[in-house]
Structure formats: C-alpha cells, structure tokens
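Shown below: protein.cif, with mmCIF, C-alpha atoms.
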```cif
data_data
#
loop_
_atom_site.label_atom_id
_atom_site.label_comp_id
_atom_site.auth_asym_id
_atom_site.auth_seq_id
_atom_site.Cartn_x
_atom_site.Cartn_y
_atom_site.Cartn_z
CA MET A 882 114.49 -232.19 1.86
CA ALA A 883 113.31 -231.58 5.43
CA ILE A 884 113.17 -234.52 7.79
CA THR A 885 110.12 -235.36 9.87
CA THR A 886 109.95 -235.92 13.62
CA SER A 887 109.58 -239.64 13.06
CA GLU A 888 112.96 -239.70 11.29
CA LEU A 889 114.81 -238.12 14.22
CA PRO A 890 116.73 -240.27 16.72
CA ASP A 891 114.53 -241.41 19.58
CA THR A 892 116.96 -241.15 22.49
CA ALA A 893 118.32 -238.07 24.23
CA SER A 894 121.96 -238.93 23.42
CA ALA A 895 121.13 -239.59 19.78
CA VAL A 896 119.24 -236.30 19.43
CA LEU A 897 122.21 -234.40 20.84
CA ALA A 898 124.60 -236.19 18.50
CA PHE A 899 122.30 -235.45 15.55
CA ALA A 900 122.07 -231.74 16.48
CA ARG A 901 125.84 -231.50 16.84
CA SER A 902 126.41 -233.11 13.45
CA ARG A 903 123.96 -230.69 11.79
CA ARG A 904 125.74 -227.78 13.45
CA GLN A 905 129.04 -229.00 11.99
CA VAL A 906 127.46 -229.26 8.54
CA ALA A 907 126.10 -225.72 8.85
CA ASP A 908 129.49 -224.38 9.97
CA ARG A 909 131.15 -226.07 7.00
CA ALA A 910 128.61 -224.53 4.65
CA GLU A 911 129.17 -221.06 6.16
CA ALA A 912 132.94 -221.44 5.68
CA GLU A 913 132.41 -222.43 2.05
CA LEU A 914 130.10 -219.44 1.57
CA LEU A 915 132.96 -217.16 2.62
CA VAL A 916 135.15 -218.80 -0.02
CA ALA A 917 132.41 -218.22 -2.61
CA ALA A 918 132.18 -214.56 -1.59
CA CYS A 919 135.91 -214.12 -2.11
CA GLU A 920 135.79 -215.89 -5.47
CA TRP A 921 132.93 -213.64 -6.58
CA ALA A 922 134.97 -210.60 -5.58
CA ASP A 923 138.02 -211.92 -7.44
CA LEU A 924 135.91 -212.31 -10.59
CA HIS A 925 134.69 -208.72 -10.35
CA PRO A 926 137.52 -206.22 -9.80
CA PRO A 927 136.56 -202.57 -10.35
CA GLU A 928 137.70 -202.56 -13.96
CA SER A 929 135.45 -205.54 -14.81
CA VAL A 930 132.28 -203.45 -15.04
CA SER A 931 132.14 -200.39 -17.23
CA ASP A 932 130.74 -197.24 -15.63
CA ALA A 933 130.79 -198.96 -12.22
CA ALA A 934 132.35 -197.45 -9.16
CA ALA A 935 134.46 -199.43 -6.72
CA PHE A 936 133.83 -200.00 -3.05
CA THR A 937 136.94 -198.89 -1.16
CA MET A 938 137.80 -197.16 2.04
CA PRO A 939 136.24 -193.68 2.48
CA GLY A 940 137.70 -190.78 0.54
CA GLY A 941 138.56 -192.65 -2.65
CA GLY A 942 135.72 -191.48 -4.86
CA GLU A 943 132.21 -190.19 -5.16
CA HIS A 944 130.45 -193.58 -4.99
CA GLU A 945 132.90 -195.52 -2.82
CA GLU A 946 132.10 -197.19 0.48
CA PRO A 947 134.09 -199.31 2.96
CA VAL A 948 133.85 -203.04 2.37
CA ALA A 949 137.14 -204.28 3.81
CA GLY A 950 140.16 -202.53 5.26
CA PRO A 951 143.33 -201.26 3.55
CA GLY A 952 145.12 -204.03 1.69
CA ALA A 953 142.00 -205.97 0.69
CA PRO A 954 141.13 -205.94 -3.02
CA LEU A 955 138.54 -203.59 -4.46
CA VAL A 956 135.27 -204.90 -5.85
CA ALA A 957 133.08 -203.65 -8.69
CA GLU A 958 130.06 -201.99 -7.15
CA PHE A 959 127.38 -203.51 -9.34
CA CYS A 960 128.40 -207.13 -8.79
CA ILE A 961 127.33 -207.05 -5.16
CA PRO A 962 123.51 -206.94 -5.57
CA GLU A 963 123.50 -210.09 -7.71
CA PHE A 964 125.49 -212.08 -5.17
CA GLY A 965 123.07 -210.97 -2.47
CA ALA A 966 120.00 -211.69 -4.57
CA VAL A 967 120.83 -215.39 -5.08
CA LEU A 968 121.26 -215.71 -1.31
CA GLY A 969 118.07 -213.84 -0.48
CA LEU A 970 120.05 -210.95 1.03
CA SER A 971 119.70 -207.22 0.64
CA THR A 972 122.51 -205.37 -1.12
CA THR A 973 123.69 -204.01 2.22
CA ALA A 974 123.86 -207.48 3.77
CA ALA A 975 125.67 -208.85 0.71
CA LYS A 976 128.22 -206.04 0.92
CA GLN A 977 128.85 -206.92 4.56
CA LEU A 978 129.29 -210.62 3.75
CA ILE A 979 131.74 -209.98 0.91
CA GLY A 980 133.61 -207.40 2.96
CA GLN A 981 133.97 -209.73 5.93
CA ALA A 982 135.18 -212.55 3.68
CA LEU A 983 137.83 -210.31 2.10
CA GLU A 984 138.83 -208.92 5.48
CA LEU A 985 139.41 -212.44 6.80
CA ARG A 986 141.28 -213.76 3.78
CA HIS A 987 143.56 -210.74 3.25
CA ARG A 988 143.90 -209.01 6.63
CA LEU A 989 143.07 -211.69 9.22
CA PRO A 990 144.67 -214.78 7.64
CA ARG A 991 145.08 -216.74 10.88
CA LEU A 992 141.36 -216.52 11.58
CA TRP A 993 140.66 -217.39 7.94
CA ARG A 994 142.75 -220.57 8.17
CA ARG A 995 140.98 -221.65 11.35
CA VAL A 996 137.59 -221.18 9.72
CA GLN A 997 138.58 -223.15 6.64
CA ALA A 998 140.13 -225.88 8.81
CA GLY A 999 136.78 -226.32 10.51
CA ASP A 1000 137.80 -225.48 14.09
CA LEU A 1001 136.36 -221.95 14.24
CA PRO A 1002 132.72 -221.19 13.39
CA ALA A 1003 132.42 -218.68 10.56
CA TRP A 1004 130.07 -216.45 12.55
CA ARG A 1005 132.72 -215.86 15.20
CA ALA A 1006 135.34 -214.91 12.63
CA ARG A 1007 132.87 -212.66 10.79
CA ARG A 1008 132.17 -210.85 14.07
CA VAL A 1009 135.87 -210.05 14.48
CA ALA A 1010 136.14 -209.00 10.82
CA GLU A 1011 133.18 -206.64 11.12
CA THR A 1012 134.80 -205.00 14.15
CA THR A 1013 138.15 -204.46 12.42
CA ILE A 1014 136.42 -203.11 9.30
CA HIS A 1015 134.30 -200.71 11.34
CA ALA A 1016 137.38 -199.54 13.27
CA ARG A 1017 139.26 -198.87 10.00
CA LEU A 1018 142.37 -200.55 11.39
CA SER A 1019 145.66 -200.10 9.62
CA PRO A 1020 147.24 -203.23 8.10
CA GLN A 1021 149.61 -203.43 11.09
CA GLY A 1022 146.72 -203.10 13.52
CA ALA A 1023 144.70 -205.79 11.76
CA ALA A 1024 147.69 -208.14 11.78
CA TYR A 1025 148.15 -207.52 15.51
CA VAL A 1026 144.49 -208.32 16.26
CA ASP A 1027 144.71 -211.43 14.09
CA ALA A 1028 147.80 -212.71 15.90
CA GLN A 1029 146.45 -211.99 19.37
CA LEU A 1030 142.93 -213.36 18.89
CA ALA A 1031 143.40 -216.30 16.54
CA PRO A 1032 144.37 -218.86 19.21
CA PHE A 1033 141.38 -217.96 21.40
CA ALA A 1034 138.79 -216.78 18.86
CA HIS A 1035 136.55 -219.80 19.49
CA ARG A 1036 135.81 -218.46 23.00
CA THR A 1037 136.50 -214.73 22.72
CA THR A 1038 133.74 -212.34 23.82
CA VAL A 1039 132.57 -209.25 21.97
CA SER A 1040 134.04 -206.97 24.63
CA ALA A 1041 137.40 -208.73 24.37
CA VAL A 1042 137.45 -208.13 20.62
CA ASP A 1043 136.65 -204.45 21.18
CA ARG A 1044 139.45 -204.13 23.73
CA MET A 1045 141.94 -205.77 21.38
CA VAL A 1046 140.97 -203.40 18.56
CA ASP A 1047 141.40 -200.42 20.92
CA ALA A 1048 144.83 -201.75 21.90
CA ALA A 1049 145.81 -202.05 18.23
CA ILE A 1050 144.81 -198.44 17.58
CA ALA A 1051 146.77 -197.26 20.64
CA ARG A 1052 149.84 -199.28 19.60
CA PHE A 1053 149.97 -198.44 15.89
CA GLU A 1054 148.00 -195.18 15.61
CA PRO A 1055 148.71 -193.22 18.79
CA GLN A 1056 147.56 -189.88 17.40
CA ARG A 1057 144.22 -191.34 16.39
CA ALA A 1058 143.88 -192.98 19.81
CA ALA A 1059 144.51 -189.66 21.53
CA GLU A 1060 141.93 -187.88 19.39
CA THR A 1061 139.38 -190.63 20.02
CA ALA A 1062 139.96 -190.35 23.76
CA ARG A 1063 139.55 -186.58 23.59
CA LEU A 1064 136.24 -186.84 21.75
CA ALA A 1065 135.02 -189.60 24.05
CA ALA A 1066 135.62 -187.41 27.10
CA ASP A 1067 132.65 -185.30 26.02
CA GLY A 1068 129.84 -187.82 26.22
CA ARG A 1069 127.01 -185.33 25.71
CA HIS A 1070 124.33 -186.47 23.32
CA VAL A 1071 120.61 -186.60 22.69
CA THR A 1072 119.59 -189.79 20.88
CA ILE A 1073 116.10 -190.31 19.46
CA GLU A 1074 115.58 -193.89 18.34
CA ASP A 1075 113.20 -193.01 15.51
CA GLN A 1076 113.46 -196.47 13.94
CA GLN A 1077 112.20 -198.15 17.12
CA VAL A 1078 108.57 -197.02 17.51
CA SER A 1079 106.49 -199.20 19.81
CA PHE A 1080 103.01 -200.45 18.93
CA ALA A 1081 101.70 -198.09 21.65
CA GLY A 1082 103.18 -195.18 19.71
CA THR A 1083 106.10 -194.40 22.00
CA MET A 1084 109.75 -193.79 21.14
CA ARG A 1085 112.85 -194.05 23.31
CA VAL A 1086 114.94 -190.91 23.91
CA THR A 1087 118.24 -190.93 25.82
CA ALA A 1088 120.46 -187.98 26.68
CA GLU A 1089 123.69 -187.02 28.42
CA LEU A 1090 123.71 -183.31 29.34
CA ASP A 1091 125.85 -180.79 31.14
CA LEU A 1092 124.97 -180.65 34.84
CA ALA A 1093 123.41 -177.19 34.67
CA ASP A 1094 121.42 -178.03 31.54
CA ALA A 1095 120.21 -181.29 33.08
CA LEU A 1096 119.05 -179.54 36.25
CA ASP A 1097 117.22 -176.86 34.29
CA PHE A 1098 115.63 -179.48 32.05
CA GLY A 1099 114.54 -181.51 35.06
CA ALA A 1100 113.03 -178.44 36.71
CA ALA A 1101 111.17 -177.54 33.51
CA ILE A 1102 109.55 -180.94 33.05
CA THR A 1103 108.74 -181.18 36.77
CA HIS A 1104 106.97 -177.83 36.51
CA GLY A 1105 105.19 -179.02 33.36
CA ALA A 1106 104.06 -182.25 35.02
CA GLU A 1107 102.65 -180.30 37.97
CA THR A 1108 100.85 -177.94 35.59
CA LEU A 1109 99.24 -180.86 33.76
CA LYS A 1110 98.10 -182.28 37.09
CA THR A 1111 96.59 -178.91 38.04
CA LEU A 1112 94.74 -178.87 34.73
CA GLY A 1113 93.14 -182.23 35.56
CA SER A 1114 95.46 -184.87 34.18
CA GLU A 1115 95.08 -188.17 36.00
CA GLU A 1116 98.08 -189.84 34.38
CA SER A 1117 101.04 -191.06 36.42
CA LEU A 1118 103.91 -188.73 37.26
CA ASP A 1119 106.17 -190.43 34.70
CA ALA A 1120 103.52 -190.11 31.99
CA ARG A 1121 102.97 -186.43 32.83
CA ARG A 1122 106.72 -185.74 32.78
CA ALA A 1123 106.91 -187.40 29.37
CA ALA A 1124 103.98 -185.30 28.11
CA ALA A 1125 105.66 -182.17 29.50
CA VAL A 1126 108.71 -182.83 27.32
CA GLY A 1127 106.47 -182.76 24.26
CA GLU A 1128 104.76 -179.55 25.36
CA LEU A 1129 108.16 -177.97 26.02
CA ALA A 1130 109.38 -178.96 22.56
CA ARG A 1131 106.30 -177.54 20.84
CA THR A 1132 106.28 -174.20 22.64
CA GLN A 1133 110.02 -173.53 22.45
CA LEU A 1134 110.69 -173.89 18.74
CA SER A 1135 113.55 -171.36 18.54
CA LEU A 1136 116.48 -170.44 20.76
CA ASP A 1137 116.99 -166.79 21.71
CA LEU A 1138 120.64 -167.33 22.55
CA ALA A 1139 121.63 -163.71 21.91
CA ALA A 1140 119.27 -162.26 24.50
CA SER A 1141 120.67 -161.38 27.91
CA PRO A 1142 119.12 -163.39 30.76
CA PRO A 1143 116.97 -161.33 33.14
CA VAL A 1144 118.30 -160.67 36.63
CA GLU A 1145 117.01 -162.85 39.49
CA GLU A 1146 114.67 -164.73 37.19
CA PRO A 1147 113.12 -167.86 38.74
CA ALA A 1148 114.59 -171.15 37.56
CA VAL A 1149 111.31 -172.13 35.90
CA GLN A 1150 109.24 -169.57 34.05
CA PRO A 1151 105.78 -169.88 32.59
CA SER A 1152 105.51 -169.41 28.84
CA ARG A 1153 106.78 -165.99 27.71
CA ASN A 1154 104.01 -165.92 25.12
CA GLN A 1155 101.03 -166.14 27.47
CA GLY A 1156 97.89 -165.32 25.60
CA THR A 1157 99.47 -166.23 22.24
CA PRO A 1158 98.83 -169.82 21.21
CA PRO A 1159 102.02 -171.66 20.30
CA PRO A 1160 102.48 -172.82 16.73
CA ALA A 1161 101.20 -176.20 15.68
CA ARG A 1162 103.60 -179.11 16.05
CA ALA A 1163 105.67 -179.59 12.92
CA VAL A 1164 105.88 -183.38 13.05
CA VAL A 1165 104.57 -185.09 9.91
CA LEU A 1166 103.08 -188.57 10.21
CA HIS A 1167 101.75 -190.46 7.21
CA VAL A 1168 98.93 -192.57 8.66
CA HIS A 1169 96.96 -195.05 6.56
CA LEU A 1170 93.60 -196.31 7.80
CA THR A 1171 91.39 -199.09 6.52
CA GLU A 1172 87.70 -199.42 7.20
CA ASP A 1173 86.88 -201.81 10.09
CA ASP A 1174 90.57 -202.30 10.92
CA PRO A 1175 91.55 -201.15 14.45
CA VAL A 1176 95.23 -200.92 13.46
CA ALA A 1177 96.69 -198.01 11.47
CA ARG A 1178 99.84 -198.20 9.37
CA LEU A 1179 102.40 -195.43 9.79
CA GLU A 1180 105.09 -194.97 7.19
CA PRO A 1181 107.64 -196.43 6.79
CA GLY A 1182 106.22 -199.53 8.50
CA THR A 1183 105.16 -198.85 12.07
CA LEU A 1184 101.76 -199.87 13.40
CA ALA A 1185 99.57 -198.01 15.88
CA THR A 1186 96.05 -198.40 17.20
CA ILE A 1187 93.22 -196.16 16.03
CA ASP A 1188 92.84 -194.92 19.61
CA GLN A 1189 96.49 -193.86 19.66
CA VAL A 1190 96.10 -191.92 16.40
CA ARG A 1191 92.94 -190.29 17.77
CA HIS A 1192 94.86 -189.30 20.92
CA TRP A 1193 97.64 -187.69 18.88
CA CYS A 1194 95.15 -185.73 16.80
CA ALA A 1195 93.27 -184.51 19.85
CA ARG A 1196 96.36 -183.12 21.60
CA SER A 1197 96.70 -179.37 21.81
CA HIS A 1198 98.66 -177.51 19.15
CA THR A 1199 98.29 -180.39 16.68
CA GLN A 1200 97.41 -179.48 13.12
CA VAL A 1201 95.67 -182.34 11.33
CA VAL A 1202 95.67 -182.45 7.53
CA ILE A 1203 93.46 -185.05 5.90
CA LYS A 1204 94.39 -185.76 2.31
CA PRO A 1205 91.93 -187.20 -0.20
CA VAL A 1206 92.06 -190.93 -0.82
CA LEU A 1207 94.09 -191.83 -3.90
CA ASP A 1208 92.99 -194.63 -6.18
CA LEU A 1209 96.21 -196.62 -6.53
CA ASN A 1210 95.00 -198.21 -9.76
CA GLU A 1211 93.88 -194.99 -11.45
CA PRO A 1212 95.97 -194.43 -14.59
CA ILE A 1213 97.73 -191.07 -14.31
CA VAL A 1214 99.85 -189.77 -17.19
CA CYS A 1215 101.73 -186.48 -17.42
CA ASP A 1216 103.60 -184.86 -20.27
CA GLY A 1217 106.88 -183.96 -18.61
CA TYR A 1218 109.74 -186.01 -17.18
CA GLN A 1219 109.14 -185.08 -13.53
CA PRO A 1220 105.98 -186.63 -12.03
CA PRO A 1221 103.55 -184.15 -10.45
CA PRO A 1222 102.87 -184.47 -6.70
CA ARG A 1223 99.70 -186.51 -7.13
CA LEU A 1224 101.38 -189.11 -9.35
CA ARG A 1225 104.42 -189.26 -7.07
CA GLU A 1226 102.22 -189.84 -4.02
CA GLN A 1227 100.31 -192.58 -5.85
CA VAL A 1228 103.49 -194.49 -6.71
CA ILE A 1229 104.85 -194.10 -3.17
CA LEU A 1230 101.65 -195.42 -1.60
CA ARG A 1231 101.46 -198.30 -4.08
CA ASP A 1232 105.06 -199.51 -3.78
CA ARG A 1233 105.72 -198.55 -0.11
CA ILE A 1234 109.40 -199.53 -0.36
CA CYS A 1235 112.11 -199.80 -3.02
CA VAL A 1236 111.00 -202.50 -5.44
CA PHE A 1237 114.45 -204.06 -5.95
CA PRO A 1238 114.65 -207.65 -4.62
CA TRP A 1239 114.96 -207.74 -0.83
CA CYS A 1240 115.46 -203.98 -0.47
CA THR A 1241 113.54 -202.32 2.38
CA ARG A 1242 114.22 -198.60 1.84
CA PRO A 1243 110.98 -196.60 2.35
CA ALA A 1244 109.51 -195.43 -0.95
CA ARG A 1245 109.05 -191.87 0.34
CA GLY A 1246 112.82 -191.45 0.29
CA CYS A 1247 113.31 -193.18 -3.08
CA ASP A 1248 113.68 -191.96 -6.64
CA LEU A 1249 110.86 -192.65 -9.08
CA ASP A 1250 112.34 -194.65 -11.94
CA HIS A 1251 110.97 -194.80 -15.47
CA ILE A 1252 110.82 -198.57 -16.06
CA VAL A 1253 111.02 -197.93 -19.80
CA PRO A 1254 113.51 -195.03 -19.90
CA TRP A 1255 112.13 -191.60 -20.73
CA GLU A 1256 114.68 -191.17 -23.50
CA HIS A 1257 113.41 -194.40 -25.09
CA GLY A 1258 109.81 -193.23 -25.14
CA GLY A 1259 108.73 -194.39 -21.69
CA PRO A 1260 105.90 -192.23 -20.35
CA THR A 1261 105.75 -190.57 -16.95
CA SER A 1262 102.75 -192.56 -15.79
CA THR A 1263 101.33 -194.86 -13.15
CA THR A 1264 102.27 -197.95 -15.13
CA ASN A 1265 105.81 -196.86 -16.00
CA LEU A 1266 107.06 -195.50 -12.66
CA ALA A 1267 108.42 -197.46 -9.72
CA ALA A 1268 110.14 -196.56 -6.45
CA LEU A 1269 113.88 -197.33 -6.43
CA CYS A 1270 116.37 -196.21 -3.80
CA ARG A 1271 119.33 -194.26 -5.17
CA ARG A 1272 121.68 -197.27 -5.09
CA HIS A 1273 119.33 -199.51 -7.06
CA HIS A 1274 118.27 -196.70 -9.38
CA ARG A 1275 121.92 -196.36 -10.39
CA LEU A 1276 122.19 -200.13 -10.69
CA LYS A 1277 119.23 -200.35 -13.05
CA THR A 1278 120.47 -197.38 -15.11
CA HIS A 1279 124.13 -198.35 -15.47
CA SER A 1280 124.17 -202.17 -15.40
CA ALA A 1281 122.47 -205.12 -17.08
CA TRP A 1282 119.77 -205.49 -14.41
CA ALA A 1283 116.29 -205.10 -15.94
CA TYR A 1284 112.73 -205.34 -14.71
CA GLN A 1285 109.14 -205.02 -15.78
CA ARG A 1286 105.89 -204.33 -13.97
CA THR A 1287 103.79 -207.50 -13.91
CA GLY A 1288 100.97 -206.48 -11.58
CA PRO A 1289 99.53 -203.51 -9.65
CA ALA A 1290 102.53 -203.58 -7.28
CA ALA A 1291 104.46 -206.56 -8.69
CA TYR A 1292 107.75 -206.50 -10.59
CA THR A 1293 109.85 -209.20 -12.22
CA TRP A 1294 113.60 -208.55 -12.19
CA THR A 1295 116.25 -210.24 -14.32
CA SER A 1296 119.88 -210.17 -13.18
CA PRO A 1297 122.90 -209.90 -15.51
CA HIS A 1298 123.40 -213.67 -15.19
CA GLY A 1299 119.76 -214.46 -16.03
CA HIS A 1300 118.33 -215.09 -12.55
CA THR A 1301 114.79 -213.81 -12.08
CA TYR A 1302 113.07 -212.48 -8.95
CA VAL A 1303 109.46 -211.53 -8.37
CA ARG A 1304 108.91 -208.57 -6.05
CA ASP A 1305 105.41 -207.67 -4.84
CA ASP A 1306 103.78 -206.16 -1.76
CA THR A 1307 104.42 -209.36 0.22
CA GLY A 1308 108.16 -209.56 -0.43
CA THR A 1309 110.57 -211.21 -2.85
CA GLU A 1310 110.68 -214.72 -4.32
CA PRO A 1311 113.05 -216.30 -6.86
CA GLY A 1312 111.35 -216.44 -10.24
#
```
Can the structure in the file be given as structure tokens, please?
Amino acid sequence: MAITTSELPDTASAVLAFARSRRQVADRAEAELLVAACEWADLHPPESVSDAAAFTMPGGGEHEEPVAGPGAPLVAEFCIPEFGAVLGLSTTAAKQLIGQALELRHRLPRLWRRVQAGDLPAWRARRVAETTIHARLSPQGAAYVDAQLAPFAHRTTVSAVDRMVDAAIARFEPQRAAETARLAADGRHVTIEDQQVSFAGTMRVTAELDLADALDFGAAITHGAETLKTLGSEESLDARRAAAVGELARTQLSLDLAASPPVEEPAVQPSRNQGTPPPARAVVLHVHLTEDDPVARLEPGTLATIDQVRHWCARSHTQVVIKPVLDLNEPIVCDGYQPPPRLREQVILRDRICVFPWCTRPARGCDLDHIVPWEHGGPTSTTNLAALCRRHHRLKTHSAWAYQRTGPAAYTWTSPHGHTYVRDDTGTEPG
C-alpha cells in the first residue's frame, strides 16, 4: 500500500533516512529477483519443454540466441515469456534479466556473492553482466573481469568496465583482439537513426567517410544549397544543406561505377539528366489522419503535425498514394489460408503491434495468426486473425500459451501456469 505525504517523516534528516531505507529494501528485492530468475531457469532446462529450442551462444541451432556466456546453463526458449509476463516485461527484457542472473551466478560469482550479501546494488552487477555477455567473453576472460572488478564494482564506471573487458579479450583471446583492432581502424560508416524520428519529422544521420568522399559530398551539398537559394528558398544555410542531401539522394538512385570519369570535369556537376524529371522518391510512409486532429500518426508509432505531412507531400519528386479508408470492424472472410491484401491491411491497422502481452513489435512486420488454427476449422477472417511477431507466433503454436479475441482489438491470453493477461490498444494488464 502506498504511503501518503502525511505519513512521511517531517524533518530533513528523517526524510533522508527514510529514503535510504527504502533504497535498501529495493536493492534487496532486486537481488532476490535475480535468485528467482536463476531458479526459473533451473526449472526449465532445454529438455523440459517438448519442441522448444534452447537459448545458447550463437551458432548452436536455428532458433538459438545468446542469453549468458559459455559455461552458463541453457534455458528452454518458451519458459522465458511467462517469467517476463508476470513481471510486466517484454520477452526481450525477460531474456536479458534471466541471462544477466545466470551470467552473474555462473561466470561472475564474486559479483554474485556481493549482490546477495547486500553490499552491491543489483543494477551495478547487471550492468557488468550485460557487458560480458555482449562481449562474448571466454570463461577465462569472464573470471578475470570478475576478479578484477568485484572489489570495486560499487564505484566502477561504465568506461572502466569496458576497458576491463577489452583487457580480458587481449589477455585471453589475442587473435580476436587483433582482428577487432583491425576492423576498428576503418571507422567509416553511415548511420541513419530510423527509430528516433522527432515530432518535427526529422531524423539524425551521422557518417564517417574517406577524405576524398567527404570533400566531394560537402561540395555537392554546398552547390545544392546555393541552387535552392537561387530558386528562392529563404531557409537557413543549414536547412538548405539538409534539403540538398535529400535532393541528391532522390536524383542519384543508382551508381554508375563502371563508367570512366570524364577528363577535367568540374568537382560539382549539375544533374546529368537535365530535362528529364528524376524518379519519384521511393520512401513509403504509412500516415494515419483523423478528422479535426492536427497530429498525424506514422507507423510504427511516430507522430507528426499535419503541416509537416503536407510539406512532405508538396516536395518535388514525391509520389503520393492515397488509399481508401478501411472499416476496421467490417467482417472480411476469405476461403484460403493466406489472407488477401485488404484483410491483411485491416488486421495490421486494427492491432498496430504484436498482440502478445507487453510486446511492441510493429504489426506490419508481424505474422497474421489464426487464433483458432486453420487446421482445426478456424476461418481466415477479421475475427480470427491477429498480429503476432515471429517469436510469439511460434510460442502460441508450439507451447501451452492460448488466447482469444474479446473485443475489436482486445485479446485475453492465458499462460501455461494459468495467469491471464488482457491486451488491447492501450496496453497490457494482468487479468
């Protein structure tokens, strides 16, 4: 039960003492949660679930993923979603929790003992465990990190952990360290952060290029920015340079790498296809608009203003396709197993994301599951299809998880141990 403000201590010293005591209680609970995660894993070795794959290090099998490093026990794949569901975690987050617990108990025992003794917060130990898992340290490397960090883990920084992991790789896996150093020497990259779209409709792009390529690219966008200014753009130089990148991308959609460069060609050339309009941009945005709402929803979950959408549509070389409005409640039934495009689009728009508890995978990349299996007479219809990501589609097909549709976009799930969860368009709640 939550306490009220009137029940809190009324002096500064007492409030600090109260906060510290609550922090200690929370740390104790987090340590006990790690124990529970290990116990759950012990109860579910790979052979405990028929037709279930095991999570191991990469390369062990078709459906295997890293949970903890070499030497930690394997875990039956389908036990992980249920552990996460009772904690209100996604399957991915539950896998991380169980993996970190196993990594600590089996490969970082000194850190594990400090956590269970109550003198190291669980979150600090989990941070080290996640780093050693991600680095795929050998057992000797993990033991080295554990021995070196355990005495100081309560005040060790993230960078110090990274350095210690690098030292372990250099000490126990010198060939791997040399290869990593060789690959790191070439830092070229172009990174588009497509999961971080701002409300203004912008996206961050970073790049590391060869010197010559960078100079040519800079000259091209400078020329483009000047051209936009000549054509009447009143935007700032930075905004025009950014717009020039988009124009460059749309008008240079293929690379003629086999052609010989002309002699004494200027560094920046106008379009080689003058007089021929460039092809329309090939970017697909699924934009959903509601009457009298100034905010549009972009799949998988980004928001943008109506003015921003209008600006995108008005840009040159943009092909706009307006699809008819689908009635999400219209009953659609087809004869075959595979849903036709119209039915598939209806289910995607209705569910938006995978309908398994706490999953957030966009529905457009999901499978469409027959709630009542096709082979048991379940129709391919609006009422019998739901969006499930591949992981949870397999879970529903090959384990004791079951669910039913209880509303237009609402589903009630039952776990193998009888826990129920209600999933609708607002999220997930325990049943």
query: Just how far from CA of Val1126 (chain A) is CA of His1192 (chain A), in Å to one decimal?
result: 16.6 Å
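Between Val1042 (chain A) and the residues A:Arg988, A:His1070, A:Arg1063, A:Arg1005, the shortest atom-to-atom distance, using all atoms listed in the file, involves A:Arg1005.
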- request: Using the chain letters and numbering of this document, enumerate as a ChimeraX atom specification the residues selected by the PyMOL selection byres ((chain A and resi 1211-1214) around 6).
  value: /A:1208-1210,1215,1261-1263
- prompt: Restricting the calculation to all atoms listed in the file, which member of A:Asp1094, A:Glu913, A:Asp891, A:Glu1054 is positioned closest to Leu1018 (chain A)?
  reply: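 So, comparing all the options, the nearest one is A:Glu1054.
Computed from the coordinates, the CA of Leu978 (chain A) to CA of Ala949 (chain A) distance equals 10.1 Å.
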task: Rank A:Asp1250, A:Glu958, A:Asp1067, A:Asp1119 by their smallest atom-to-atom distance to Pro926 (chain A), using only C-alpha atoms, and report the top residue only.
output: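 That would be A:Glu958, the residue with the smallest distance to Pro926 (chain A).
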message: Quick one: residues within 8 Å of region 1099-1108 of chain A, only C-alpha atoms, excluding same-chain residues fewer than 5 positions away - as number ranges by chain?
response: A: 1118, 1121-1126, 1129, 1148-1149
Nearest-residue call for Ala910 (chain A), choices A:Gly1299, A:Gly999, A:Pro962, A:Gly980, using only C-alpha atoms: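 Looking at the shortest contact to Ala910 (chain A), the residue is A:Gly999.
A straight line drawn from CA of Val1046 (chain A) to CA of Leu915 (chain A) is 22.5 Å long.
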- prompt: In terms of the shortest atom-to-atom distance over all atoms listed in the file, which of A:Val1206, A:Pro1254, A:Pro1002, A:Val916 is closest to Arg1223 (chain A)?
  reply: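 Selected residue with least distance to Arg1223 (chain A): A:Val1206.
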- line: Using all atoms listed in the file, the residue out of A:Phe1237, A:Ala1267, A:Val948, A:Arg1242 with shortest distance to Trp1294 (chain A) is A:Phe1237
message: Assuming the chain letters and numbering stay as they are in my file, what does the PyMOL selection byres ((chain A and resi 1023) around 12) actually select? List them as a ChimeraX atom specification.
response: /A:949-953,984-992,1009-1022,1024-1031,1042,1045-1050,1052-1054
query: Exactly which residues make up the result of the PyMOL selection byres ((chain A and resi 925) around 9) on this file, given as a PyMOL selection string?
result: chain A and resi 920-924+926-930+955-958+960
With C-alpha atoms kept, could you save the residues just selected as an mmCIF file, in the coordinates of the input?
```cif
data_model
loop_
_atom_site.group_PDB
_atom_site.id
_atom_site.type_symbol
_atom_site.label_atom_id
_atom_site.label_comp_id
_atom_site.auth_asym_id
_atom_site.auth_seq_id
_atom_site.Cartn_x
_atom_site.Cartn_y
_atom_site.Cartn_z
ATOM 1 C CA GLU A 920 135.790 -215.890 -5.470
ATOM 2 C CA TRP A 921 132.930 -213.640 -6.580
ATOM 3 C CA ALA A 922 134.970 -210.600 -5.580
ATOM 4 C CA ASP A 923 138.020 -211.920 -7.440
ATOM 5 C CA LEU A 924 135.910 -212.310 -10.590
ATOM 6 C CA PRO A 926 137.520 -206.220 -9.800
ATOM 7 C CA PRO A 927 136.560 -202.570 -10.350
ATOM 8 C CA GLU A 928 137.700 -202.560 -13.960
ATOM 9 C CA SER A 929 135.450 -205.540 -14.810
ATOM 10 C CA VAL A 930 132.280 -203.450 -15.040
ATOM 11 C CA LEU A 955 138.540 -203.590 -4.460
ATOM 12 C CA VAL A 956 135.270 -204.900 -5.850
ATOM 13 C CA ALA A 957 133.080 -203.650 -8.690
ATOM 14 C CA GLU A 958 130.060 -201.990 -7.150
ATOM 15 C CA CYS A 960 128.400 -207.130 -8.790
#
```
message: Residues within 10 Å of Gly1246 (chain A), please, as a PyMOL selection string. Count only C-alpha atoms; anything in the same chain fewer than 6 positions from it doesn't count.
response: chain A and resi 1181+1229+1234-1235+1268-1271
Enclose region 999-1011 of chain A, meaning all of its atoms listed in the file, in a box aligned along x, y and z, pad it by 3 Å on each side, and list the centre and edge lengths in Å to one decimal, as JSON.
```
{"center_x": 133.9, "center_y": -216.5, "center_z": 12.9, "size_x": 13.7, "size_y": 25.7, "size_z": 10.7}
```
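All residues of protein, DNA or RNA that reach within 9 Å of Glu963 (chain A), judged by only C-alpha atoms and not counting those fewer than 6 positions away in the chain, are Thr972, Ala975, Trp1282, Ser1296, Pro1297, His1298 and His1300 of chain A.
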